[in-house]
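Student: File query-v3.tsv below, TSV, C-alpha atoms:
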chain	number	residue	atom	x	y	z
K	1	MET	CA	-149.29	3.53	49.84
K	2	LEU	CA	-145.68	4.52	50.30
K	3	LYS	CA	-143.54	4.70	47.22
K	4	GLU	CA	-140.12	3.09	47.37
K	5	GLU	CA	-138.18	6.28	46.59
K	6	GLU	CA	-140.14	8.30	49.16
K	7	LEU	CA	-139.42	5.75	51.85
K	8	VAL	CA	-135.69	5.62	51.10
K	9	GLU	CA	-135.59	9.43	51.10
K	10	SER	CA	-137.36	9.58	54.45
K	11	TYR	CA	-134.96	6.97	55.94
K	12	ASN	CA	-131.96	8.93	54.65
K	13	LYS	CA	-133.33	12.19	56.05
K	14	SER	CA	-133.58	10.56	59.46
K	15	ILE	CA	-129.95	9.43	59.22
K	16	GLU	CA	-128.97	13.02	58.39
K	17	LYS	CA	-130.98	14.30	61.34
K	18	TRP	CA	-129.32	11.71	63.58
K	19	THR	CA	-125.87	12.81	62.37
K	20	GLN	CA	-126.62	16.44	63.26
K	21	THR	CA	-128.10	15.52	66.64
K	22	ILE	CA	-125.28	13.22	67.74
K	23	SER	CA	-122.66	15.77	66.72
K	24	LYS	CA	-124.24	18.03	69.37
K	25	GLN	CA	-123.92	15.13	71.86
K	26	LYS	CA	-127.70	14.98	72.30
K	27	TYR	CA	-127.70	11.21	72.72
K	28	ARG	CA	-131.26	10.79	73.94
K	29	ASP	CA	-132.71	12.84	71.08
K	30	ALA	CA	-130.52	10.97	68.60
K	31	LYS	CA	-131.85	7.64	69.85
K	32	LEU	CA	-135.45	8.85	69.66
K	33	ILE	CA	-135.05	9.51	65.93
K	34	LEU	CA	-133.81	5.96	65.45
K	35	THR	CA	-136.42	4.29	67.66
K	36	LYS	CA	-139.17	5.87	65.57
K	37	GLU	CA	-137.61	4.70	62.30
K	38	ILE	CA	-136.99	1.18	63.59
K	39	GLU	CA	-140.69	0.96	64.37
K	40	VAL	CA	-141.53	2.07	60.82
K	41	CYS	CA	-139.24	-0.64	59.37
K	42	ARG	CA	-140.69	-3.26	61.70
K	43	ASN	CA	-144.27	-2.39	60.76
K	44	ILE	CA	-143.54	-2.49	57.03
K	45	ILE	CA	-141.87	-5.89	57.30
K	46	LEU	CA	-144.19	-7.59	59.77
K	47	PHE	CA	-147.59	-6.00	59.44
K	48	ASN	CA	-148.00	-4.16	56.14
K	49	GLN	CA	-149.35	-6.79	53.78
K	50	ASN	CA	-149.58	-4.34	50.88
K	51	SER	CA	-145.83	-3.62	50.90
K	52	SER	CA	-143.84	-4.98	48.00
K	53	GLU	CA	-141.00	-7.45	48.58
K	54	TYR	CA	-138.53	-4.69	47.63
K	55	LEU	CA	-140.02	-2.31	50.21
K	56	LYS	CA	-139.75	-4.99	52.89
K	57	ASN	CA	-136.16	-5.83	51.91
K	58	ILE	CA	-135.03	-2.21	51.89
K	59	SER	CA	-136.78	-1.66	55.24
K	60	LEU	CA	-134.87	-4.62	56.65
K	61	LEU	CA	-131.54	-3.13	55.55
K	62	TYR	CA	-132.41	0.30	56.93
K	63	GLY	CA	-133.76	-1.29	60.11
K	64	ILE	CA	-130.42	-3.06	60.57
K	65	THR	CA	-128.66	0.28	59.95
K	66	PHE	CA	-130.85	2.15	62.45
K	67	ARG	CA	-130.20	-0.53	65.09
K	68	GLY	CA	-126.48	-0.15	64.41
K	69	LEU	CA	-126.73	3.63	64.77
K	70	GLU	CA	-128.67	3.14	68.01
K	71	GLU	CA	-125.81	1.09	69.41
K	72	LEU	CA	-123.27	3.52	68.01
K	73	THR	CA	-125.06	6.26	69.96
K	74	ASP	CA	-124.72	4.14	73.11
K	75	ILE	CA	-120.99	3.76	72.43
K	76	ALA	CA	-120.60	7.52	71.90
K	77	GLU	CA	-122.44	8.21	75.14
K	78	ILE	CA	-120.29	5.78	77.17
K	79	ILE	CA	-116.94	6.89	75.81
K	80	ALA	CA	-117.81	10.55	76.32
K	81	LYS	CA	-117.43	9.92	80.06
K	82	TYR	CA	-114.07	10.70	81.64
K	83	GLU	CA	-111.78	7.64	81.89
K	84	TRP	CA	-114.56	5.31	80.81
K	85	TYR	CA	-111.97	2.64	79.96
K	86	LYS	CA	-111.15	2.22	83.66
K	87	ASN	CA	-114.63	0.86	84.27
K	88	THR	CA	-114.62	-2.85	83.36
K	89	GLU	CA	-118.37	-2.93	82.81
K	90	SER	CA	-118.14	-0.09	80.29
K	91	VAL	CA	-115.20	-1.75	78.53
K	92	GLU	CA	-117.14	-5.00	78.10
K	93	ARG	CA	-120.32	-3.19	77.04
K	94	VAL	CA	-118.58	-1.03	74.41
K	95	TRP	CA	-116.79	-4.10	73.03
K	96	LEU	CA	-120.10	-5.92	72.55
K	97	LEU	CA	-121.74	-2.88	70.98
K	98	LEU	CA	-118.75	-2.42	68.70
K	99	GLN	CA	-119.04	-5.99	67.38
K	100	ASN	CA	-122.79	-5.57	66.90
K	101	CYS	CA	-122.32	-2.33	64.97
K	102	LYS	CA	-119.64	-3.84	62.72
K	103	GLU	CA	-121.80	-6.83	61.86
K	104	ARG	CA	-124.84	-4.70	61.15
K	105	PHE	CA	-123.05	-2.08	59.04
K	106	GLU	CA	-121.02	-4.63	57.08
K	107	SER	CA	-124.32	-6.24	56.02
K	108	SER	CA	-126.34	-3.13	55.29
K	109	PHE	CA	-123.94	-0.41	54.13
K	110	GLU	CA	-123.07	-2.11	50.87
K	111	VAL	CA	-126.68	-2.03	49.76
K	112	ILE	CA	-128.34	1.10	51.13
K	113	THR	CA	-127.77	4.48	49.53
K	114	ILE	CA	-126.61	6.71	52.36
K	115	SER	CA	-123.91	9.30	51.75
K	116	LEU	CA	-120.36	8.10	51.48
K	117	ASN	CA	-119.33	10.76	53.94
K	118	VAL	CA	-121.61	9.34	56.65
K	119	LYS	CA	-120.42	5.80	55.93
K	120	ASN	CA	-116.77	6.79	56.13
K	121	THR	CA	-117.27	8.78	59.33
K	122	ILE	CA	-118.97	5.82	60.99
K	123	PHE	CA	-116.33	3.30	59.91
K	124	SER	CA	-113.51	5.66	60.98
K	125	PHE	CA	-115.17	6.08	64.39
K	126	LEU	CA	-115.41	2.31	64.84
K	127	GLU	CA	-111.83	1.83	63.69
K	128	VAL	CA	-110.54	4.37	66.20
K	129	ILE	CA	-112.33	2.58	69.04
K	130	GLU	CA	-110.95	-0.77	67.89
K	131	GLU	CA	-107.44	0.68	67.81
K	132	ASP	CA	-107.96	2.06	71.32
K	133	TYR	CA	-108.89	-1.43	72.50
K	134	LEU	CA	-105.78	-2.85	70.86
K	135	THR	CA	-103.62	-0.26	72.62
K	136	LEU	CA	-105.31	-0.61	75.98
K	137	PHE	CA	-106.03	-4.34	76.15
K	138	GLY	CA	-104.06	-6.01	73.34
K	139	PRO	CA	-105.50	-8.31	70.64
K	140	GLY	CA	-107.22	-10.48	73.28
K	141	ILE	CA	-107.99	-14.16	73.54
K	142	TYR	CA	-111.40	-15.69	73.08
K	143	VAL	CA	-113.44	-18.79	73.80
K	144	SER	CA	-115.15	-20.66	71.06
K	145	PRO	CA	-117.39	-23.68	71.65
K	146	GLU	CA	-117.99	-26.43	69.15
K	147	VAL	CA	-121.61	-27.54	68.96
K	148	VAL	CA	-123.48	-30.42	67.38
K	149	ILE	CA	-126.73	-29.35	65.76
K	150	LYS	CA	-128.92	-32.44	65.72
K	151	LYS	CA	-132.02	-30.78	64.29
K	152	SER	CA	-132.52	-27.42	62.65
K	153	VAL	CA	-135.20	-25.53	60.80
K	154	CYS	CA	-135.18	-22.70	58.28
K	155	SER	CA	-135.97	-19.31	59.83
K	156	ILE	CA	-138.26	-18.44	56.91
K	157	CYS	CA	-140.48	-21.51	56.49
K	158	LYS	CA	-139.69	-23.42	59.72
K	159	SER	CA	-139.27	-26.64	57.77
K	160	ASP	CA	-136.12	-28.78	57.64
K	161	PHE	CA	-133.22	-26.46	56.85
K	162	ARG	CA	-131.57	-28.98	54.49
K	163	THR	CA	-134.56	-29.57	52.30
K	164	CYS	CA	-136.32	-26.22	52.10
K	165	PRO	CA	-135.70	-23.99	49.05
K	166	HIS	CA	-134.47	-20.93	50.99
K	167	LEU	CA	-130.80	-20.03	50.81
K	168	PRO	CA	-128.76	-19.10	53.88
K	169	ASN	CA	-128.19	-15.34	54.35
K	170	HIS	CA	-130.57	-14.44	51.51
K	171	ILE	CA	-133.43	-12.02	52.17
K	172	TYR	CA	-137.03	-13.06	51.57
K	173	LYS	CA	-139.75	-10.40	52.10
K	174	GLY	CA	-137.68	-8.58	54.68
K	175	ARG	CA	-136.52	-11.66	56.57
K	176	ILE	CA	-133.07	-13.24	56.55
K	177	CYS	CA	-132.82	-16.98	55.93
K	178	ARG	CA	-130.71	-18.70	58.56
K	179	CYS	CA	-130.35	-22.12	60.09
K	180	GLU	CA	-132.21	-22.19	63.43
K	181	PRO	CA	-131.04	-25.07	65.60
K	182	THR	CA	-133.86	-26.78	67.48
K	183	GLU	CA	-131.79	-29.52	69.11
K	184	ILE	CA	-128.21	-28.84	70.17
K	185	GLU	CA	-125.57	-30.81	72.02
K	186	PRO	CA	-122.14	-29.64	73.15
K	187	GLY	CA	-119.31	-30.59	70.83
K	188	ASN	CA	-116.00	-32.17	71.79
K	189	CYS	CA	-114.45	-29.07	73.28
K	190	ILE	CA	-114.42	-25.38	73.98
K	191	VAL	CA	-111.44	-23.83	72.23
K	192	ILE	CA	-109.42	-20.87	73.47
K	193	LEU	CA	-108.06	-19.07	70.44
K	194	PRO	CA	-106.79	-15.71	69.17
K	195	ARG	CA	-109.21	-15.41	66.21
K	196	PRO	CA	-112.71	-16.62	67.01
K	197	LYS	CA	-115.83	-16.62	64.89
K	198	ASP	CA	-117.47	-14.38	67.47
K	199	PRO	CA	-115.20	-11.75	69.11
K	200	ARG	CA	-117.90	-11.09	71.71
K	201	CYS	CA	-116.67	-14.16	73.60
K	202	ARG	CA	-113.55	-12.38	74.82
K	203	ILE	CA	-111.66	-13.35	77.98
K	204	TRP	CA	-110.90	-10.06	79.70
K	205	PRO	CA	-107.91	-9.88	82.07
K	206	TRP	CA	-110.23	-9.27	85.04
K	207	LYS	CA	-112.00	-12.58	84.39
K	208	TYR	CA	-108.99	-14.53	85.68
K	209	LYS	CA	-109.79	-15.38	89.29
K	210	ASN	CA	-108.31	-17.91	91.72
K	211	GLY	CA	-106.24	-19.61	89.03
K	212	GLY	CA	-109.24	-20.03	86.72
K	213	ILE	CA	-111.49	-18.08	84.39
K	214	ASP	CA	-114.80	-16.87	85.71
K	215	ASP	CA	-117.94	-15.59	84.02
K	216	VAL	CA	-116.90	-15.69	80.35
K	217	PRO	CA	-119.72	-15.95	77.80
K	218	ILE	CA	-119.13	-18.86	75.45
K	219	ILE	CA	-121.95	-18.20	73.03
K	220	PHE	CA	-124.07	-15.21	71.98
K	221	SER	CA	-127.32	-15.40	70.08
K	222	PHE	CA	-126.85	-12.10	68.29
K	223	LYS	CA	-128.93	-11.36	65.18
K	224	ILE	CA	-128.41	-8.29	63.03
K	225	ASP	CA	-132.19	-8.09	62.51
K	226	ASP	CA	-133.08	-8.43	66.20
K	227	PHE	CA	-135.57	-5.57	65.95
K	228	LEU	CA	-137.98	-8.03	64.29
K	229	ASP	CA	-138.05	-10.41	67.27
O	230	MET	CA	-106.67	-44.13	41.67
O	231	ASN	CA	-109.77	-45.90	40.44
O	232	SER	CA	-112.73	-44.07	41.92
O	233	HIS	CA	-114.41	-47.36	42.96
O	234	ASN	CA	-111.56	-47.89	45.40
O	235	TRP	CA	-112.11	-44.70	47.32
O	236	ILE	CA	-112.94	-45.65	50.89
O	237	GLY	CA	-115.75	-43.08	51.05
O	238	PHE	CA	-117.71	-44.98	48.38
O	239	LYS	CA	-117.07	-48.26	50.23
O	240	HIS	CA	-118.40	-46.72	53.42
O	241	LEU	CA	-121.48	-45.45	51.60
O	242	ASN	CA	-122.03	-49.01	50.45
O	243	LYS	CA	-121.72	-50.27	54.04
O	244	LEU	CA	-124.40	-47.75	55.01
O	245	GLY	CA	-126.66	-49.41	52.45
O	246	ILE	CA	-126.31	-46.67	49.85
O	247	SER	CA	-125.43	-48.29	46.55
O	248	SER	CA	-123.76	-46.48	43.66
O	249	ASP	CA	-126.99	-46.87	41.66
O	250	GLN	CA	-128.69	-44.47	44.08
O	251	TYR	CA	-126.24	-41.65	43.48
O	252	GLY	CA	-124.95	-42.68	40.05
O	253	ASP	CA	-126.23	-39.51	38.36
O	254	PHE	CA	-124.51	-37.17	40.81
O	255	ASP	CA	-122.65	-33.99	39.94
O	256	VAL	CA	-121.54	-33.41	43.51
O	257	LEU	CA	-121.69	-35.42	46.74
O	258	CYS	CA	-121.44	-33.42	49.97
O	259	LEU	CA	-120.45	-36.12	52.44
O	260	PRO	CA	-119.88	-36.19	56.21
O	261	GLU	CA	-116.42	-34.97	57.14
O	262	ASN	CA	-115.59	-38.31	58.80
O	263	ILE	CA	-116.98	-40.59	56.07
O	264	GLU	CA	-113.49	-41.99	55.40
O	265	VAL	CA	-113.05	-43.23	58.96
O	266	GLU	CA	-116.56	-43.91	60.20
O	267	THR	CA	-119.23	-46.38	59.17
O	268	ASP	CA	-121.38	-46.14	62.27
O	269	PRO	CA	-124.19	-43.78	61.15
O	270	SER	CA	-124.66	-42.46	64.71
O	271	LYS	CA	-121.09	-41.15	64.72
O	272	LEU	CA	-121.11	-39.37	61.37
O	273	ILE	CA	-120.98	-35.58	61.40
O	274	GLU	CA	-121.40	-32.97	58.72
O	275	ALA	CA	-119.46	-29.70	58.64
O	276	SER	CA	-121.85	-26.74	58.78
O	277	GLU	CA	-120.45	-25.26	55.56
O	278	THR	CA	-121.25	-28.54	53.77
O	279	VAL	CA	-124.95	-28.01	54.40
O	280	TYR	CA	-124.80	-24.43	53.10
O	281	LEU	CA	-122.80	-25.52	50.06
O	282	TYR	CA	-125.33	-28.29	49.37
O	283	LYS	CA	-128.21	-25.81	49.34
O	284	ILE	CA	-126.40	-23.32	47.12
O	285	LEU	CA	-125.32	-25.98	44.61
O	286	LYS	CA	-128.87	-27.30	44.49
O	287	SER	CA	-130.22	-23.81	43.78
O	288	GLU	CA	-127.77	-23.56	40.86
O	289	GLY	CA	-129.28	-26.68	39.30
O	290	ILE	CA	-126.40	-28.98	40.23
O	291	LYS	CA	-127.37	-32.59	40.96
O	292	VAL	CA	-126.09	-32.77	44.52
O	293	TYR	CA	-126.68	-35.34	47.26
O	294	THR	CA	-125.98	-35.58	50.97
O	295	LEU	CA	-126.67	-38.54	53.22
O	296	HIS	CA	-129.91	-36.79	54.17
O	297	ASP	CA	-131.20	-37.58	50.65
O	298	PHE	CA	-130.76	-41.29	51.47
O	299	GLY	CA	-132.60	-41.15	54.78
O	300	TYR	CA	-129.71	-40.44	57.16
O	301	ASP	CA	-130.15	-37.55	59.59
O	302	VAL	CA	-126.51	-36.60	60.09
O	303	PRO	CA	-125.93	-33.90	62.77
O	304	ILE	CA	-124.18	-30.67	61.80
O	305	TYR	CA	-120.90	-29.97	63.60
O	306	GLU	CA	-120.45	-26.26	64.00
O	307	ARG	CA	-117.08	-24.86	64.87
O	308	ARG	CA	-116.85	-21.27	65.92
O	309	GLY	CA	-113.22	-20.58	65.05
O	310	GLU	CA	-111.64	-18.90	62.06
O	311	THR	CA	-111.37	-22.07	59.96
O	312	ILE	CA	-113.95	-23.02	57.34
O	313	TYR	CA	-114.51	-26.78	57.27
O	314	PHE	CA	-116.08	-28.14	54.11
O	315	GLY	CA	-115.79	-31.84	54.80
O	316	GLU	CA	-115.63	-34.39	51.96
O	317	ILE	CA	-116.80	-33.07	48.59
O	318	VAL	CA	-116.92	-35.44	45.63
O	319	ILE	CA	-117.16	-33.65	42.29
O	320	ASN	CA	-117.87	-35.05	38.88
O	321	ASN	CA	-115.30	-33.56	36.53
O	322	PHE	CA	-118.06	-32.32	34.18
O	323	VAL	CA	-119.13	-29.69	36.71
O	324	LEU	CA	-115.72	-28.99	38.20
O	325	SER	CA	-115.37	-25.48	36.77
O	326	ILE	CA	-118.85	-24.44	38.01
O	327	VAL	CA	-118.38	-25.91	41.47
O	328	ALA	CA	-114.84	-24.54	41.82
O	329	GLY	CA	-116.25	-21.10	40.93
O	330	ILE	CA	-119.04	-21.38	43.52
O	331	ILE	CA	-116.64	-22.46	46.29
O	332	ALA	CA	-114.19	-19.68	45.30
O	333	ASN	CA	-116.97	-17.06	45.51
O	334	TRP	CA	-117.98	-18.40	48.87
O	335	ILE	CA	-114.46	-18.16	50.30
O	336	THR	CA	-114.00	-14.66	48.89
O	337	GLU	CA	-117.16	-13.51	50.68
O	338	LYS	CA	-115.88	-14.88	53.98
O	339	ILE	CA	-112.95	-12.53	54.22
O	340	PHE	CA	-112.63	-13.01	57.96
O	341	HIS	CA	-111.87	-16.70	57.60
O	342	LYS	CA	-108.23	-17.21	56.71
O	343	ILE	CA	-107.93	-21.00	56.93
O	344	VAL	CA	-109.92	-23.54	54.91
O	345	LYS	CA	-110.10	-27.31	55.31
O	346	ILE	CA	-111.55	-29.18	52.37
O	347	ASN	CA	-111.20	-32.62	50.83
O	348	LEU	CA	-112.04	-32.59	47.14
O	349	HIS	CA	-112.43	-35.86	45.27
O	350	ILE	CA	-112.63	-35.17	41.55
O	351	ILE	CA	-114.03	-38.04	39.54
O	352	LYS	CA	-112.94	-38.18	35.91
O	353	ASN	CA	-113.37	-41.25	33.69
O	354	GLU	CA	-113.78	-43.43	36.78
O	355	ASN	CA	-110.51	-42.13	38.20
O	356	GLU	CA	-110.31	-40.18	41.41
O	357	LEU	CA	-108.06	-37.20	41.93
O	358	HIS	CA	-107.82	-36.34	45.61
O	359	LEU	CA	-107.06	-32.82	46.75
O	360	LYS	CA	-106.72	-32.61	50.52
O	361	TYR	CA	-106.35	-28.97	51.47
O	362	ASP	CA	-105.73	-27.46	54.90
O	363	GLY	CA	-104.27	-24.02	54.59
O	364	ASP	CA	-104.74	-20.38	53.80
O	365	ALA	CA	-107.76	-19.25	51.81
O	366	GLU	CA	-105.73	-17.27	49.25
O	367	THR	CA	-103.74	-20.28	48.02
O	368	LEU	CA	-106.92	-22.36	47.79
O	369	LEU	CA	-108.50	-19.60	45.73
O	370	LYS	CA	-105.58	-19.81	43.28
O	371	ILE	CA	-105.98	-23.61	43.08
O	372	LEU	CA	-109.72	-23.29	42.50
O	373	LYS	CA	-109.17	-20.67	39.81
O	374	THR	CA	-106.79	-23.08	38.07
O	375	LEU	CA	-109.33	-25.90	38.32
O	376	GLU	CA	-112.03	-23.54	37.05
O	377	GLY	CA	-109.88	-22.45	34.09
O	378	ASN	CA	-108.65	-25.92	33.14
O	379	ASN	CA	-112.17	-27.24	32.83
O	380	ALA	CA	-113.93	-24.21	31.38
Take the structure I supplied and represent it as structure tokens, if you would.
Tutor:
Amino acid sequence: MLKEEELVESYNKSIEKWTQTISKQKYRDAKLILTKEIEVCRNIILFNQNSSEYLKNISLLYGITFRGLEELTDIAEIIAKYEWYKNTESVERVWLLLQNCKERFESSFEVITISLNVKNTIFSFLEVIEEDYLTLFGPGIYVSPEVVIKKSVCSICKSDFRTCPHLPNHIYKGRICRCEPTEIEPGNCIVILPRPKDPRCRIWPWKYKNGGIDDVPIIFSFKIDDFLD
Amino acid sequence: MNSHNWIGFKHLNKLGISSDQYGDFDVLCLPENIEVETDPSKLIEASETVYLYKILKSEGIKVYTLHDFGYDVPIYERRGETIYFGEIVINNFVLSIVAGIIANWITEKIFHKIVKINLHIIKNENELHLKYDGDAETLLKILKTLEGNNA
């Protein structure tokens, strides 16, 4: 059976290996390292019944980190191309990946024990990209729908979210407790605003067509632990 | 103002929920439109209210929502930068604890700059109403004061 310290050490070694590989711009190899580790995390959380709760929880946090690094690798690969920002598809894709990375790292980096140097390098990289977006496309405007959740269940026990004992955003045996709507209706309006809850729902200048707005996502079902789905 | 006169309590009564049923409460997390609506099918609960309810309960606070009295009130989720807490009635005995919990909550949500909350503090059958719609930092200062005054 894996010991907790050994597992954390092995996860951290993989992050180190990823850092070295991506610095040589070997994106495919870098992603292979992460894919393997994500599978390890997934197996510990979902299938290894002998794993302790701590082992499952730490695997969740590293799994979230590895998924973030995977998407960071995608960003690095896209922006390495000449004048990538002139391709609207790339601009939209990098923006989504950037938001995903931020959400994942903000949740996991406070808890896991990777080197401060790696953390700072990653956050600086993300900040630079965000600043580039601000320079190139401005602060942006966003859509934000209001929704009525008529019924919802807890993601852990699948019983009524209000009455079950699990607390939102807490981790239980490697799973995050969240409210899972099972019956939704549209709210009163869809708001266009400068600071949304989800920056993925951005209205890009090229979405304005024939006096209207076309093809703008109003809701994303992003989960930081999507590797468990 | 005498707490019995608060319209929210009158509306609870109209819904068939008598004060005897929630008389031992520390906190009531009520629908955000309880002051203007008595039709149960039109009541809505702010999403943060549900989260707050669960957290208070886990801290051993005697907290009720309409769900505890058989009403299945839908959750209204807004996806903007504002946190909506709805109508929160607090018994003065637990004010410092609850103010601390709400303050922690707001501090964690650094992205959200605006908070809307209606606090009804019940002390010796009197109701002090704090209707707040503004920046999170000022509310934090108010909550800290409430926390300190009742510690």
Student: May I have the residues of chain K within 8 Å of chain O, counting all atoms listed in the file, written as a list in words?
Tutor: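 Result, ordered by chain then number: Ser144, Pro145, Glu146, Val147, Val148, Ile149, Lys150, Lys151, Arg162, Thr163, Pro165, Leu167, Pro168, Gly187, Leu193, Arg195, Pro196, Lys197 and Asp198 of chain K.
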Student: So what do you get for atom CA of K:Ile114 versus atom CA of K:Arg67, distance-wise?
Tutor: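 According to the coordinates, atom CA of K:Ile114 and atom CA of K:Arg67 are separated by 15.1 Å.
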Student: How far is it from atom CA of K:Ser10 to atom CA of K:Ser59, in Å with one decimal?
Tutor: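 According to the coordinates, atom CA of K:Ser10 and atom CA of K:Ser59 are separated by 11.3 Å.
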Student: Compare K:Lys86, K:Arg175, K:Arg200, K:Lys36 by their minimum atom-to-atom distance to K:Val143, counting all atoms listed in the file, and give me the closest one.
Tutor: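 Answer, going by the shortest atom-to-atom distance: K:Arg200.
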Student: Would you compute the distance between atom CA of O:Asp364 and atom CA of K:Tyr142? Give it in Å to one decimal.
Tutor: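 About the pair atom CA of O:Asp364 and atom CA of K:Tyr142: they are 20.9 Å apart.
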Student: Got a sec: who's within 8 Å of K:Val94, counting only C-alpha atoms, leaving out chain neighbours fewer than 3 positions off, as a list of chain:residue names?
Tutor: K:Ile75, K:Ile78, K:Ser90, K:Val91, K:Leu97, K:Leu98
Student: Determine the nearest neighbour of O:Asp362 from the options O:Tyr313, O:Thr336, O:Ile319, O:Asn234, counting only C-alpha atoms.
Tutor: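 Smallest separation from O:Asp362 among the options: O:Tyr313.
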Student: Neighbouring residues of O:Asn321 were defined as those with any atom within 12 Å, considering all atoms listed in the file; residues of the same chain fewer than 4 positions away were excluded. Please report them as an MDAnalysis selection string.
Tutor: chainID O and resid 254:256 325:328 348:357 375:376 378:380
Student: I want to know what sits within 12 Å of stretch 122-124 of chain K, based on all atoms listed in the file, with residues of the same chain fewer than 4 positions away left out; could you give that as a list in words?
Tutor: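 Skipping anything fewer than 4 positions along the chain leaves Ile15, Thr19, Ile22, Thr65, Gly68, Leu69, Glu71, Leu72, Thr73, Ile75, Ala76, Leu98, Cys101, Lys102, Glu103, Arg104, Phe105, Glu106, Phe109, Ile114, Ser115, Leu116, Asn117, Val118, Val128, Ile129, Glu130 and Glu131 of chain K.
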Student: Save the residues we just selected, C-alpha atoms, as a compact mmCIF listing (two decimals), keeping the file's coordinate frame?
Tutor:
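Saved result, result-v4.txt, follows:
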# COMPACT_ATOMS: atom_id res chain seq x y z
CA ILE K 15 -129.95 9.43 59.22
CA THR K 19 -125.87 12.81 62.37
CA ILE K 22 -125.28 13.22 67.74
CA THR K 65 -128.66 0.28 59.95
CA GLY K 68 -126.48 -0.15 64.41
CA LEU K 69 -126.73 3.63 64.77
CA GLU K 71 -125.81 1.09 69.41
CA LEU K 72 -123.27 3.52 68.01
CA THR K 73 -125.06 6.26 69.96
CA ILE K 75 -120.99 3.76 72.43
CA ALA K 76 -120.60 7.52 71.90
CA LEU K 98 -118.75 -2.42 68.70
CA CYS K 101 -122.32 -2.33 64.97
CA LYS K 102 -119.64 -3.84 62.72
CA GLU K 103 -121.80 -6.83 61.86
CA ARG K 104 -124.84 -4.70 61.15
CA PHE K 105 -123.05 -2.08 59.04
CA GLU K 106 -121.02 -4.63 57.08
CA PHE K 109 -123.94 -0.41 54.13
CA ILE K 114 -126.61 6.71 52.36
CA SER K 115 -123.91 9.30 51.75
CA LEU K 116 -120.36 8.10 51.48
CA ASN K 117 -119.33 10.76 53.94
CA VAL K 118 -121.61 9.34 56.65
CA VAL K 128 -110.54 4.37 66.20
CA ILE K 129 -112.33 2.58 69.04
CA GLU K 130 -110.95 -0.77 67.89
CA GLU K 131 -107.44 0.68 67.81
Student: Once you count only C-alpha atoms, which residues end up no further than 9 Å from (-135.3, -19.7, 65.1) in the file's frame, shown as a list in words?
Tutor: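 Here the neighbourhood of the point contains Ser152, Val153, Cys154, Ser155, Ile156, Lys158, Arg178, Cys179, Glu180, Pro181 and Thr182 of chain K.
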Student: Between K:Phe161, K:Phe66, K:Tyr208, K:Tyr54, which residue has the minimum interatomic distance to K:Lys31, considering only C-alpha atoms?
Tutor: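 Once distances to K:Lys31 are computed over only C-alpha atoms, the minimum belongs to K:Phe66.
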Student: Write out as a CSV table (one decimal) with C-alpha atoms, in the coordinates of the input each polymer residue whose atoms come within 7 Å of stretch 239-252 of chain O, counting only C-alpha atoms; drop sequence neighbours fewer than 3 positions from it.
Tutor:
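As a result, out_20.csv now contains:
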chain,number,residue,atom,x,y,z
O,235,TRP,CA,-112.1,-44.7,47.3
O,236,ILE,CA,-112.9,-45.6,50.9
O,263,ILE,CA,-117.0,-40.6,56.1
O,267,THR,CA,-119.2,-46.4,59.2
